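Worksheet: one structure, shown below.
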Amino acid sequence: MISWIYTDLMRMDERLVKLTQIRNDELRNIYKKRKIMKNDLKRVCVKPYDKDRFEVVDDYAFSLPSFNGVIPKGFKTDGASIPRIFWSIYPPFKSEYFSACVIHDFLCIKARSKNDYMLANKVLKEAMQALEINEFKIFIFYHSCNLFHKIKCLIKGIK
């Protein structure tokens, strides 16, 4: 009887070790993917163009899970289109999230439908995650853009 219990315990212990090993491997893979994603997104190089506007100096290639693209040299952006009243909290030209905002601006200019705007917002979120910006800022930016674009599409009749 005791040997039977001991054998069962050994089997359970082996299963637990396997499950723990599988979970650790999964965590390692997730960490590697996040590390690779962080390294893939470089900072955009810009020069001042006008008051509160910048111009991309070189072609800027980016690769994110839901979209890959190239922003051409000479593209003009205003950074994050944040109402001036909030600039003390979220400056529109802060280097922390500026690259993600340039990508978002580029996709919004090319957008022709509501789905294009939603894709631009999703790419903004992914770019901010790749730049390792804190989750609260990502939440604020993503949902603010979503709300703005829904209102814009409703007013302009964009489908």
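Each chain in the structure tokens gets a letter, A, B, ..., in the order shown, and its residues are numbered from 1; ligands are numbered from 1 in order too.
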Would you list, as an mmCIF file with C-alpha atoms, in the first residue's frame, the residues of stretch 12-159 of chain A that end up in strand (DSSP E or B) under DSSP run on this structure's backbone?
data_model
loop_
_atom_site.group_PDB
_atom_site.id
_atom_site.type_symbol
_atom_site.label_atom_id
_atom_site.label_comp_id
_atom_site.auth_asym_id
_atom_site.auth_seq_id
_atom_site.Cartn_x
_atom_site.Cartn_y
_atom_site.Cartn_z
ATOM 1 C CA VAL A 46 13.506 64.611 -37.267
ATOM 2 C CA LYS A 47 14.425 68.264 -37.706
ATOM 3 C CA PRO A 48 12.349 71.361 -36.900
ATOM 4 C CA TYR A 49 10.228 72.429 -39.849
ATOM 5 C CA ASP A 50 7.876 75.109 -38.561
ATOM 6 C CA ARG A 53 6.129 70.858 -36.545
ATOM 7 C CA PHE A 54 8.927 68.500 -37.523
ATOM 8 C CA GLU A 55 10.191 66.858 -40.704
ATOM 9 C CA VAL A 56 11.525 63.288 -40.938
ATOM 10 C CA TYR A 60 12.007 55.593 -41.159
ATOM 11 C CA ALA A 61 11.279 51.863 -41.380
ATOM 12 C CA PHE A 62 9.325 50.215 -38.595
ATOM 13 C CA SER A 63 8.052 46.717 -37.947
ATOM 14 C CA LEU A 64 5.258 45.970 -35.508
ATOM 15 C CA PHE A 67 1.801 46.616 -39.421
ATOM 16 C CA ASN A 68 5.143 47.118 -41.174
ATOM 17 C CA GLY A 69 5.937 50.277 -43.053
ATOM 18 C CA VAL A 70 8.294 53.031 -44.108
ATOM 19 C CA ILE A 71 7.723 56.687 -43.417
ATOM 20 C CA LYS A 76 5.899 66.440 -41.732
ATOM 21 C CA THR A 77 4.371 65.833 -38.298
#
Original post:
as a list of chain:residue names, which residues of stretch 36-71 of chain A does DSSP assign to helix (DSSP H, G or I)?
Top reply: A:Ile36, A:Met37, A:Lys38, A:Asn39, A:Asp40
query: Can you tell me, as a ChimeraX atom specification, what residues are no more than 12 Å from stretch 137-148 of chain A when counting only C-alpha atoms, ignoring any on the same chain fewer than 3 positions away?
result: /A:80-83,86,89-90,92,96-97,100-101,104-105,108,114-134,151-155
Kindly save the residues from that selection, with N, CA and C atoms included, as a CSV table (one decimal), in the first residue's frame.
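This went into result_38.csv:
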chain,number,residue,atom,x,y,z
A,80,ALA,N,2.6,64.4,-31.1
A,80,ALA,CA,1.3,64.0,-30.5
A,80,ALA,C,0.4,65.2,-30.6
A,81,SER,N,-0.8,65.0,-31.2
A,81,SER,CA,-1.8,66.0,-31.4
A,81,SER,C,-2.6,66.1,-30.1
A,82,ILE,N,-2.0,66.7,-29.1
A,82,ILE,CA,-2.6,66.8,-27.8
A,82,ILE,C,-3.0,68.3,-27.6
A,83,PRO,N,-4.3,68.5,-27.1
A,83,PRO,CA,-4.8,69.8,-26.8
A,83,PRO,C,-3.8,70.6,-25.9
A,86,PHE,N,-3.3,70.3,-22.1
A,86,PHE,CA,-2.7,69.1,-21.5
A,86,PHE,C,-1.2,69.0,-21.7
A,89,ILE,N,1.2,68.1,-18.9
A,89,ILE,CA,1.1,66.7,-18.4
A,89,ILE,C,1.7,65.8,-19.5
A,90,TYR,N,1.3,66.0,-20.7
A,90,TYR,CA,1.8,65.1,-21.9
A,90,TYR,C,2.3,66.0,-23.0
A,92,PRO,N,3.7,67.2,-26.4
A,92,PRO,CA,3.5,66.6,-27.7
A,92,PRO,C,4.8,66.2,-28.4
A,96,GLU,N,10.0,60.2,-25.4
A,96,GLU,CA,9.6,59.0,-24.9
A,96,GLU,C,8.6,58.3,-25.9
A,97,TYR,N,7.7,59.1,-26.4
A,97,TYR,CA,6.6,58.5,-27.3
A,97,TYR,C,6.5,59.1,-28.7
A,100,ALA,N,6.4,56.8,-31.8
A,100,ALA,CA,5.0,56.2,-31.9
A,100,ALA,C,4.0,57.2,-32.5
A,101,CYS,N,4.1,58.4,-32.1
A,101,CYS,CA,3.2,59.5,-32.6
A,101,CYS,C,3.5,59.8,-34.1
A,104,HIS,N,1.8,57.0,-36.0
A,104,HIS,CA,0.4,57.2,-35.9
A,104,HIS,C,-0.1,58.3,-36.9
A,105,ASP,N,0.7,59.5,-36.8
A,105,ASP,CA,0.3,60.6,-37.7
A,105,ASP,C,0.3,60.1,-39.2
A,108,CYS,N,-2.6,58.0,-40.0
A,108,CYS,CA,-3.9,58.8,-40.0
A,108,CYS,C,-4.0,59.6,-41.2
A,114,LYS,N,-12.9,54.2,-41.4
A,114,LYS,CA,-12.9,54.0,-40.0
A,114,LYS,C,-12.0,52.9,-39.5
A,115,ASN,N,-12.0,51.9,-40.3
A,115,ASN,CA,-11.0,50.7,-40.0
A,115,ASN,C,-9.6,51.2,-40.1
A,116,ASP,N,-9.3,52.1,-41.1
A,116,ASP,CA,-7.9,52.6,-41.2
A,116,ASP,C,-7.5,53.3,-39.9
A,117,TYR,N,-8.4,54.1,-39.4
A,117,TYR,CA,-8.1,54.9,-38.2
A,117,TYR,C,-8.0,53.9,-37.0
A,118,MET,N,-8.8,52.9,-36.9
A,118,MET,CA,-8.7,51.9,-35.8
A,118,MET,C,-7.3,51.2,-35.9
A,119,LEU,N,-6.9,50.9,-37.2
A,119,LEU,CA,-5.6,50.2,-37.3
A,119,LEU,C,-4.5,51.2,-36.9
A,120,ALA,N,-4.6,52.5,-37.2
A,120,ALA,CA,-3.6,53.4,-36.8
A,120,ALA,C,-3.5,53.5,-35.2
A,121,ASN,N,-4.7,53.4,-34.6
A,121,ASN,CA,-4.7,53.5,-33.1
A,121,ASN,C,-4.1,52.2,-32.5
A,122,LYS,N,-4.3,51.1,-33.2
A,122,LYS,CA,-3.7,49.8,-32.7
A,122,LYS,C,-2.2,49.8,-32.9
A,123,VAL,N,-1.8,50.4,-34.0
A,123,VAL,CA,-0.3,50.5,-34.2
A,123,VAL,C,0.3,51.4,-33.2
A,124,LEU,N,-0.4,52.5,-32.9
A,124,LEU,CA,0.1,53.5,-31.9
A,124,LEU,C,0.3,52.7,-30.6
A,125,LYS,N,-0.6,51.9,-30.2
A,125,LYS,CA,-0.6,51.2,-28.9
A,125,LYS,C,0.6,50.2,-29.0
A,126,GLU,N,0.8,49.5,-30.1
A,126,GLU,CA,1.9,48.5,-30.2
A,126,GLU,C,3.2,49.2,-30.2
A,127,ALA,N,3.3,50.4,-30.9
A,127,ALA,CA,4.6,51.1,-30.9
A,127,ALA,C,4.9,51.6,-29.5
A,128,MET,N,4.0,52.1,-28.8
A,128,MET,CA,4.2,52.6,-27.4
A,128,MET,C,4.6,51.4,-26.5
A,129,GLN,N,4.0,50.2,-26.7
A,129,GLN,CA,4.4,49.1,-25.9
A,129,GLN,C,5.9,48.7,-26.3
A,130,ALA,N,6.2,48.8,-27.6
A,130,ALA,CA,7.6,48.4,-28.0
A,130,ALA,C,8.6,49.4,-27.4
A,131,LEU,N,8.2,50.6,-27.2
A,131,LEU,CA,9.1,51.6,-26.6
A,131,LEU,C,9.1,51.6,-25.1
A,132,GLU,N,8.3,50.6,-24.6
A,132,GLU,CA,8.3,50.4,-23.1
A,132,GLU,C,7.8,51.6,-22.3
A,133,ILE,N,6.7,52.2,-22.9
A,133,ILE,CA,6.1,53.3,-22.2
A,133,ILE,C,5.1,52.7,-21.2
A,134,ASN,N,4.9,53.3,-20.0
A,134,ASN,CA,4.1,52.7,-19.0
A,134,ASN,C,2.6,52.6,-19.5
A,151,ILE,N,-15.5,60.1,-33.1
A,151,ILE,CA,-16.2,61.3,-33.3
A,151,ILE,C,-16.0,61.9,-34.6
A,152,LYS,N,-14.7,62.0,-35.1
A,152,LYS,CA,-14.3,62.5,-36.4
A,152,LYS,C,-15.1,61.8,-37.5
A,153,CYS,N,-15.1,60.4,-37.4
A,153,CYS,CA,-15.7,59.6,-38.5
A,153,CYS,C,-17.2,59.9,-38.5
A,154,LEU,N,-17.8,60.0,-37.3
A,154,LEU,CA,-19.2,60.3,-37.2
A,154,LEU,C,-19.6,61.6,-37.8
A,155,ILE,N,-18.8,62.7,-37.5
A,155,ILE,CA,-19.1,64.0,-38.0
A,155,ILE,C,-18.9,64.1,-39.5
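Proximity to A:Lys42 was assessed for A:Arg84, A:Lys150, A:Ala111, A:Ser99 counting only C-alpha atoms; the smallest distance is recorded for A:Ser99.
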